[in-house]
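For reference, the structure discussed in these notes is given below.
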Amino acid sequence: DVYKRQDMGIPQFQTVGYWIPFDLAFSVGHVLGLPPWVTERVFIAAVMITGLWGFTRLADALQIGRPLFRVLGGVAYVFAPVMLTRVGWQTPFAMGAALLPWILLPLVHGAQSGSPRRAAARSAVAVLLIGGANAAVTLAVLPAPLIYLLTRGRGPRRARLLAWWCLTVPMATLWWLVGLYFYARYAPDVLAYTEQVEATVRFTPLFEVLRGTADWVMRLGAIDPAGTFFVTRRLAVLGTAALAAVGLAGLSRRNLPERNFLLLTLLAGVAAVGGGFGGAIGNPLADGYVSMLEGPLTAFRNVFKFQPLIALPLTLGVVNGLSGCTDSGAVQRTLGLASPVWRS
């Protein structure tokens with residue numbers, strides 16, 4: 001009934017947030033005379049390539065692992081459940097994961113040299129490109145860059161970079177925050193008629209959280225065939241579990257660059273996604289967290305939106321772990337990694 005009355009003056013739900021990049025991309029496709037299905041597939045491919053390229057460049061900037069494994073890590077990142085299960089049918093949900101490396105990359109460079117203002121502005125542009133089709137998706141990835149900035153050494157550069165980033169990011173989201181404010185103030189409360197917290201936290205034990213399959217939508221069968229594959233097929237379960245184990249091993253290595261940042265980001269993601277799972281093997285404070293998700297944090301009740309905070313550090317851990325397995329000269333010669341082109 002709410003949606004049937006939209007043509008009678010009710011503010012439309014989140015339509016403003018689609019202007020960038022979705023409406024922009026399909027408008028370009030329309031001008032070029034492309035069929036919508038072609039534009040759609042080109043856009044999906046662009047999102048996947050953006051995530052892969054951004055991950056590889058971020059691993060380069062952080063100097064994690066060997067170049068070969070950085071590229072392979074990028075492939076693993078964009079084919080992780082957080083990306084693959086949503087990019088085709090709910091693309092706004094995948095935008096946060098695809099652009100999180102690009103949000104961080106300018107900050108990594110800006111923390112070392114160059115203009116802090118320019119670095120913060122470039123990071124904010126990446127935030128802008130996530131769009132506002134789903135505000136929680138955009139906001140859910142922002143703890144990662146904030147943690148990165150707070151783990152820098154104290155000094156005037158960190159202070160300027162943090163100040164400029166805290167100024168430019170709100171400016172980059174203002175175009176859809178204003179519309180969201182008016183919708184929240186004058187439109188019907190659709191959150192009361194959508195998924196409930198009991199459903200969204202039901203499948204968030206630590207095992208599912210770490211392998212990236214804590215999304216309740218993955219259990220809906222034909223609605224999400226890719227998600228169903230990840231939660232029902234033995235090979236997919238074993239593969240994602242093995243990658244998570246390698247990632248944790250890589251994060252535990254003392255030679256890992258930016259170890260504190262990556263571990264804190266991982267812990268923040270695990271707490272956000274899995275904090276509502278109680279019971280003997282769950283969070284003892286789960287009831288309090290669930291109450292917050294049912295109250296002031298209801299916009300974030302789909303806790304799977306925080307999954308990029310887990311996927312990014314875990315995959316960087318995979319890169320570091322696999323690179324560590326090839327440290328011996330014999331292994332490098334066997335795999336062809338002794339060549340200068342693959343040396344980090």
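In the structure tokens, each chain is lettered A, B, ... as it comes, each chain's residues begin at 1, and ligands are numbered from 1 in order of appearance.
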ask   = Can you tell me, as a PyMOL selection string, what residues are no more than 8 Å from range 242-256 of chain A when counting only C-alpha atoms, ignoring any on the same chain fewer than 5 positions away?
value = chain A and resi 64+210-211+262-263+313-322+324
Range 280-289 of chain A surroundings by only C-alpha atoms, 8 Å radius, close-in-sequence under 6 positions cut, as a ChimeraX atom specification = /A:205-206,274
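Taking CA of Ala121 in chain A and CA of Tyr148 in chain A as the two end points, the separation is 16.0 Å.
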Residue neighbourhood Val125 in chain A, 8 Å, only C-alpha atoms, exclusion window fewer than 4 positions, as a VMD selection string = chain A and resid 103 121 129 172
Residues of range 170-308 of chain A in alpha helix (DSSP H) according to DSSP, as a CSV table (one decimal) with N, CA, C and O atoms, in the first residue's frame?
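Output file selection.csv follows:
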chain,number,residue,atom,x,y,z
A,170,PRO,N,31.6,13.9,4.5
A,170,PRO,CA,30.2,14.4,4.6
A,170,PRO,C,29.8,15.2,3.4
A,170,PRO,O,28.6,15.2,2.9
A,171,MET,N,30.7,16.0,2.8
A,171,MET,CA,30.4,16.8,1.6
A,171,MET,C,30.1,15.8,0.4
A,171,MET,O,29.2,16.1,-0.4
A,172,ALA,N,30.8,14.7,0.4
A,172,ALA,CA,30.6,13.7,-0.7
A,172,ALA,C,29.3,13.0,-0.6
A,172,ALA,O,28.8,12.4,-1.6
A,173,THR,N,28.7,12.9,0.6
A,173,THR,CA,27.4,12.2,0.8
A,173,THR,C,26.2,13.1,1.0
A,173,THR,O,25.1,12.7,1.1
A,174,LEU,N,26.5,14.4,1.0
A,174,LEU,CA,25.4,15.4,1.3
A,174,LEU,C,24.3,15.3,0.3
A,174,LEU,O,23.1,15.5,0.6
A,175,TRP,N,24.6,15.0,-1.0
A,175,TRP,CA,23.6,15.0,-2.0
A,175,TRP,C,22.5,14.0,-1.8
A,175,TRP,O,21.4,14.1,-2.3
A,176,TRP,N,22.8,12.9,-1.1
A,176,TRP,CA,21.8,11.9,-0.8
A,176,TRP,C,21.4,11.9,0.6
A,176,TRP,O,20.3,11.5,1.0
A,177,LEU,N,22.2,12.5,1.5
A,177,LEU,CA,21.8,12.6,2.9
A,177,LEU,C,20.6,13.5,3.1
A,177,LEU,O,19.8,13.3,3.9
A,178,VAL,N,20.6,14.6,2.3
A,178,VAL,CA,19.5,15.5,2.4
A,178,VAL,C,18.2,14.8,2.0
A,178,VAL,O,17.1,14.9,2.7
A,179,GLY,N,18.2,14.1,0.9
A,179,GLY,CA,17.0,13.4,0.5
A,179,GLY,C,16.6,12.3,1.5
A,179,GLY,O,15.4,12.1,1.8
A,180,LEU,N,17.6,11.7,2.1
A,180,LEU,CA,17.3,10.6,3.1
A,180,LEU,C,16.7,11.3,4.3
A,180,LEU,O,15.7,10.7,5.0
A,181,TYR,N,17.1,12.4,4.7
A,181,TYR,CA,16.5,13.1,5.8
A,181,TYR,C,15.0,13.4,5.6
A,181,TYR,O,14.2,13.2,6.5
A,182,PHE,N,14.7,14.0,4.4
A,182,PHE,CA,13.3,14.3,4.2
A,182,PHE,C,12.5,13.0,4.1
A,182,PHE,O,11.3,13.0,4.5
A,183,TYR,N,13.1,11.9,3.6
A,183,TYR,CA,12.3,10.7,3.5
A,183,TYR,C,12.0,10.2,4.9
A,183,TYR,O,10.9,9.8,5.2
A,184,ALA,N,13.0,10.2,5.8
A,184,ALA,CA,12.9,9.7,7.1
A,184,ALA,C,11.9,10.6,7.9
A,184,ALA,O,11.1,10.1,8.8
A,185,ARG,N,11.8,11.8,7.6
A,185,ARG,CA,10.9,12.7,8.3
A,185,ARG,C,9.5,12.7,7.8
A,185,ARG,O,8.5,12.8,8.7
A,186,TYR,N,9.3,12.6,6.5
A,186,TYR,CA,7.9,12.7,6.0
A,186,TYR,C,7.3,11.5,5.3
A,186,TYR,O,6.1,11.5,5.1
A,197,VAL,N,15.3,-8.1,12.8
A,197,VAL,CA,16.7,-8.5,13.4
A,197,VAL,C,16.8,-9.9,13.6
A,197,VAL,O,17.9,-10.5,13.5
A,198,GLU,N,15.7,-10.6,14.1
A,198,GLU,CA,15.8,-12.0,14.4
A,198,GLU,C,16.2,-12.8,13.2
A,198,GLU,O,17.0,-13.8,13.3
A,199,ALA,N,15.9,-12.4,12.0
A,199,ALA,CA,16.3,-13.1,10.8
A,199,ALA,C,17.7,-12.7,10.4
A,199,ALA,O,18.5,-13.5,9.9
A,200,THR,N,18.1,-11.4,10.5
A,200,THR,CA,19.4,-11.0,10.0
A,200,THR,C,20.5,-11.5,10.8
A,200,THR,O,21.7,-11.5,10.3
A,206,LEU,N,30.5,-17.4,14.2
A,206,LEU,CA,31.8,-17.0,13.8
A,206,LEU,C,32.3,-17.7,12.5
A,206,LEU,O,32.9,-17.0,11.7
A,207,PHE,N,32.0,-19.0,12.4
A,207,PHE,CA,32.4,-19.7,11.2
A,207,PHE,C,31.8,-19.1,9.9
A,207,PHE,O,32.6,-18.9,8.9
A,208,GLU,N,30.6,-18.8,9.9
A,208,GLU,CA,29.9,-18.2,8.8
A,208,GLU,C,30.4,-16.7,8.6
A,208,GLU,O,30.6,-16.3,7.4
A,209,VAL,N,30.6,-16.0,9.6
A,209,VAL,CA,31.1,-14.6,9.5
A,209,VAL,C,32.5,-14.6,8.8
A,209,VAL,O,32.7,-13.8,7.9
A,210,LEU,N,33.4,-15.5,9.2
A,210,LEU,CA,34.7,-15.4,8.7
A,210,LEU,C,34.8,-15.9,7.2
A,210,LEU,O,35.6,-15.4,6.5
A,211,ARG,N,33.9,-16.8,6.9
A,211,ARG,CA,34.0,-17.2,5.5
A,211,ARG,C,33.1,-16.4,4.6
A,211,ARG,O,33.0,-16.7,3.4
A,225,PRO,N,20.8,-17.5,-6.0
A,225,PRO,CA,21.4,-18.8,-6.4
A,225,PRO,C,22.9,-18.8,-6.0
A,225,PRO,O,23.4,-19.9,-5.6
A,226,ALA,N,23.6,-17.7,-6.2
A,226,ALA,CA,25.0,-17.7,-5.8
A,226,ALA,C,25.2,-17.9,-4.4
A,226,ALA,O,26.1,-18.6,-3.9
A,227,GLY,N,24.4,-17.2,-3.6
A,227,GLY,CA,24.5,-17.4,-2.1
A,227,GLY,C,24.1,-18.9,-1.7
A,227,GLY,O,24.8,-19.4,-0.8
A,228,THR,N,23.1,-19.4,-2.4
A,228,THR,CA,22.8,-20.8,-2.1
A,228,THR,C,24.0,-21.8,-2.4
A,228,THR,O,24.2,-22.7,-1.6
A,229,PHE,N,24.7,-21.5,-3.4
A,229,PHE,CA,25.9,-22.2,-3.8
A,229,PHE,C,26.9,-22.2,-2.6
A,229,PHE,O,27.5,-23.2,-2.2
A,230,PHE,N,27.2,-21.0,-2.1
A,230,PHE,CA,28.2,-20.9,-1.1
A,230,PHE,C,27.8,-21.5,0.3
A,230,PHE,O,28.7,-21.9,1.0
A,231,VAL,N,26.5,-21.7,0.5
A,231,VAL,CA,26.1,-22.3,1.8
A,231,VAL,C,25.7,-23.7,1.7
A,231,VAL,O,25.5,-24.4,2.8
A,232,THR,N,25.5,-24.3,0.5
A,232,THR,CA,25.1,-25.7,0.4
A,232,THR,C,26.1,-26.6,-0.2
A,232,THR,O,26.0,-27.8,0.0
A,234,ARG,N,29.5,-28.5,-0.9
A,234,ARG,CA,30.6,-28.9,0.0
A,234,ARG,C,31.9,-28.2,-0.5
A,234,ARG,O,32.7,-27.7,0.4
A,235,LEU,N,32.1,-28.2,-1.8
A,235,LEU,CA,33.4,-27.5,-2.3
A,235,LEU,C,33.4,-26.1,-1.9
A,235,LEU,O,34.5,-25.6,-1.5
A,236,ALA,N,32.3,-25.4,-2.0
A,236,ALA,CA,32.3,-23.9,-1.7
A,236,ALA,C,32.5,-23.7,-0.2
A,236,ALA,O,33.3,-22.8,0.2
A,237,VAL,N,31.9,-24.6,0.6
A,237,VAL,CA,32.1,-24.4,2.1
A,237,VAL,C,33.6,-24.7,2.4
A,237,VAL,O,34.2,-23.9,3.2
A,238,LEU,N,34.2,-25.7,1.9
A,238,LEU,CA,35.5,-26.1,2.2
A,238,LEU,C,36.5,-25.0,1.7
A,238,LEU,O,37.5,-24.6,2.3
A,239,GLY,N,36.2,-24.5,0.5
A,239,GLY,CA,37.1,-23.5,-0.1
A,239,GLY,C,37.1,-22.2,0.6
A,239,GLY,O,38.1,-21.6,0.9
A,240,THR,N,35.9,-21.7,1.0
A,240,THR,CA,35.8,-20.4,1.7
A,240,THR,C,36.4,-20.6,3.1
A,240,THR,O,37.0,-19.7,3.7
A,241,ALA,N,36.2,-21.7,3.7
A,241,ALA,CA,36.8,-22.0,5.1
A,241,ALA,C,38.3,-22.0,5.0
A,241,ALA,O,39.0,-21.5,5.9
A,242,ALA,N,38.8,-22.7,3.9
A,242,ALA,CA,40.3,-22.7,3.8
A,242,ALA,C,40.9,-21.3,3.6
A,242,ALA,O,41.9,-21.0,4.1
A,243,LEU,N,40.2,-20.5,2.7
A,243,LEU,CA,40.7,-19.2,2.5
A,243,LEU,C,40.7,-18.4,3.8
A,243,LEU,O,41.6,-17.6,4.1
A,244,ALA,N,39.6,-18.5,4.6
A,244,ALA,CA,39.6,-17.8,5.9
A,244,ALA,C,40.7,-18.2,6.8
A,244,ALA,O,41.3,-17.4,7.5
A,245,ALA,N,41.0,-19.5,6.8
A,245,ALA,CA,42.1,-20.0,7.7
A,245,ALA,C,43.4,-19.5,7.2
A,245,ALA,O,44.3,-19.1,8.0
A,246,VAL,N,43.7,-19.5,5.9
A,246,VAL,CA,44.9,-18.9,5.4
A,246,VAL,C,45.0,-17.4,5.7
A,246,VAL,O,46.1,-16.9,6.0
A,247,GLY,N,43.9,-16.7,5.6
A,247,GLY,CA,43.8,-15.3,5.9
A,247,GLY,C,44.2,-15.0,7.3
A,247,GLY,O,45.0,-14.1,7.6
A,248,LEU,N,43.6,-15.8,8.2
A,248,LEU,CA,43.9,-15.6,9.6
A,248,LEU,C,45.4,-15.9,9.9
A,248,LEU,O,46.1,-15.3,10.7
A,249,ALA,N,45.9,-17.0,9.3
A,249,ALA,CA,47.3,-17.3,9.4
A,249,ALA,C,48.2,-16.2,8.9
A,249,ALA,O,49.2,-15.8,9.5
A,250,GLY,N,47.8,-15.6,7.8
A,250,GLY,CA,48.6,-14.5,7.2
A,250,GLY,C,48.6,-13.3,8.1
A,250,GLY,O,49.6,-12.5,8.2
A,251,LEU,N,47.4,-13.0,8.7
A,251,LEU,CA,47.3,-11.9,9.6
A,251,LEU,C,48.1,-12.0,10.9
A,251,LEU,O,48.4,-11.1,11.5
A,252,SER,N,48.3,-13.3,11.3
A,252,SER,CA,49.0,-13.5,12.5
A,252,SER,C,50.6,-13.5,12.3
A,252,SER,O,51.3,-13.4,13.3
A,259,ARG,N,49.8,-4.4,10.4
A,259,ARG,CA,49.1,-5.5,11.2
A,259,ARG,C,48.1,-4.9,12.1
A,259,ARG,O,47.0,-5.5,12.2
A,260,ASN,N,48.4,-3.9,12.8
A,260,ASN,CA,47.4,-3.3,13.8
A,260,ASN,C,46.1,-2.9,13.1
A,260,ASN,O,45.0,-3.1,13.6
A,261,PHE,N,46.3,-2.1,12.0
A,261,PHE,CA,45.2,-1.6,11.3
A,261,PHE,C,44.3,-2.8,10.8
A,261,PHE,O,43.1,-2.7,10.9
A,262,LEU,N,44.9,-3.8,10.2
A,262,LEU,CA,44.1,-4.9,9.6
A,262,LEU,C,43.4,-5.7,10.7
A,262,LEU,O,42.3,-6.1,10.5
A,263,LEU,N,44.1,-6.0,11.8
A,263,LEU,CA,43.5,-6.7,12.9
A,263,LEU,C,42.3,-6.0,13.5
A,263,LEU,O,41.3,-6.5,13.8
A,264,LEU,N,42.5,-4.7,13.7
A,264,LEU,CA,41.4,-3.9,14.3
A,264,LEU,C,40.2,-3.8,13.4
A,264,LEU,O,39.1,-3.8,13.8
A,265,THR,N,40.5,-3.7,12.1
A,265,THR,CA,39.4,-3.6,11.1
A,265,THR,C,38.7,-5.0,11.1
A,265,THR,O,37.4,-5.0,11.1
A,266,LEU,N,39.4,-6.0,11.1
A,266,LEU,CA,38.8,-7.4,11.2
A,266,LEU,C,37.9,-7.5,12.4
A,266,LEU,O,36.8,-8.0,12.3
A,267,LEU,N,38.5,-7.2,13.6
A,267,LEU,CA,37.7,-7.3,14.8
A,267,LEU,C,36.5,-6.4,14.8
A,267,LEU,O,35.4,-6.9,15.3
A,268,ALA,N,36.6,-5.2,14.2
A,268,ALA,CA,35.4,-4.4,14.1
A,268,ALA,C,34.3,-5.0,13.2
A,268,ALA,O,33.1,-5.0,13.6
A,269,GLY,N,34.8,-5.6,12.1
A,269,GLY,CA,33.8,-6.3,11.2
A,269,GLY,C,33.2,-7.5,11.9
A,269,GLY,O,32.0,-7.7,11.8
A,270,VAL,N,34.0,-8.3,12.6
A,270,VAL,CA,33.4,-9.5,13.2
A,270,VAL,C,32.4,-9.1,14.3
A,270,VAL,O,31.4,-9.7,14.5
A,271,ALA,N,32.7,-8.1,15.1
A,271,ALA,CA,31.8,-7.6,16.1
A,271,ALA,C,30.5,-7.1,15.5
A,271,ALA,O,29.4,-7.3,16.0
A,272,ALA,N,30.6,-6.3,14.4
A,272,ALA,CA,29.4,-5.8,13.8
A,272,ALA,C,28.5,-6.8,13.1
A,272,ALA,O,27.3,-6.8,13.3
A,273,VAL,N,29.2,-7.8,12.4
A,273,VAL,CA,28.4,-8.8,11.7
A,273,VAL,C,27.9,-9.9,12.7
A,273,VAL,O,26.8,-10.4,12.6
A,274,GLY,N,28.8,-10.4,13.6
A,274,GLY,CA,28.5,-11.5,14.4
A,274,GLY,C,28.1,-11.2,15.8
A,274,GLY,O,27.8,-12.1,16.6
A,286,ALA,N,25.1,-10.5,23.3
A,286,ALA,CA,24.3,-10.5,22.0
A,286,ALA,C,22.9,-9.8,22.3
A,286,ALA,O,22.4,-9.1,21.4
A,287,ASP,N,22.3,-10.1,23.4
A,287,ASP,CA,20.9,-9.5,23.6
A,287,ASP,C,21.0,-8.0,23.6
A,287,ASP,O,20.1,-7.3,23.0
A,288,GLY,N,22.0,-7.4,24.2
A,288,GLY,CA,22.2,-5.9,24.1
A,288,GLY,C,22.4,-5.4,22.8
A,288,GLY,O,21.8,-4.4,22.4
A,289,TYR,N,23.2,-6.1,22.0
A,289,TYR,CA,23.4,-5.7,20.6
A,289,TYR,C,22.2,-5.8,19.8
A,289,TYR,O,21.9,-4.9,19.0
A,290,VAL,N,21.4,-6.9,19.9
A,290,VAL,CA,20.2,-7.0,19.2
A,290,VAL,C,19.2,-5.9,19.6
A,290,VAL,O,18.5,-5.4,18.7
A,291,SER,N,19.1,-5.6,20.8
A,291,SER,CA,18.3,-4.5,21.2
A,291,SER,C,18.6,-3.2,20.6
A,291,SER,O,17.7,-2.4,20.2
A,292,MET,N,19.9,-2.9,20.4
A,292,MET,CA,20.3,-1.7,19.7
A,292,MET,C,20.0,-1.8,18.2
A,292,MET,O,19.5,-0.8,17.6
A,293,LEU,N,20.1,-3.0,17.6
A,293,LEU,CA,19.7,-3.1,16.2
A,293,LEU,C,18.2,-3.0,16.0
A,293,LEU,O,17.7,-2.6,14.9
A,294,GLU,N,17.4,-3.3,17.0
A,294,GLU,CA,16.0,-3.1,17.0
A,294,GLU,C,15.6,-1.7,17.3
A,294,GLU,O,14.4,-1.3,17.1
A,308,PRO,N,32.5,-6.2,4.3
A,308,PRO,CA,33.7,-5.7,3.7
A,308,PRO,C,34.8,-5.5,4.7
A,308,PRO,O,36.0,-5.6,4.4
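Atom to atom, CA of Leu162 in chain A and CA of Val141 in chain A stand 16.2 Å apart.
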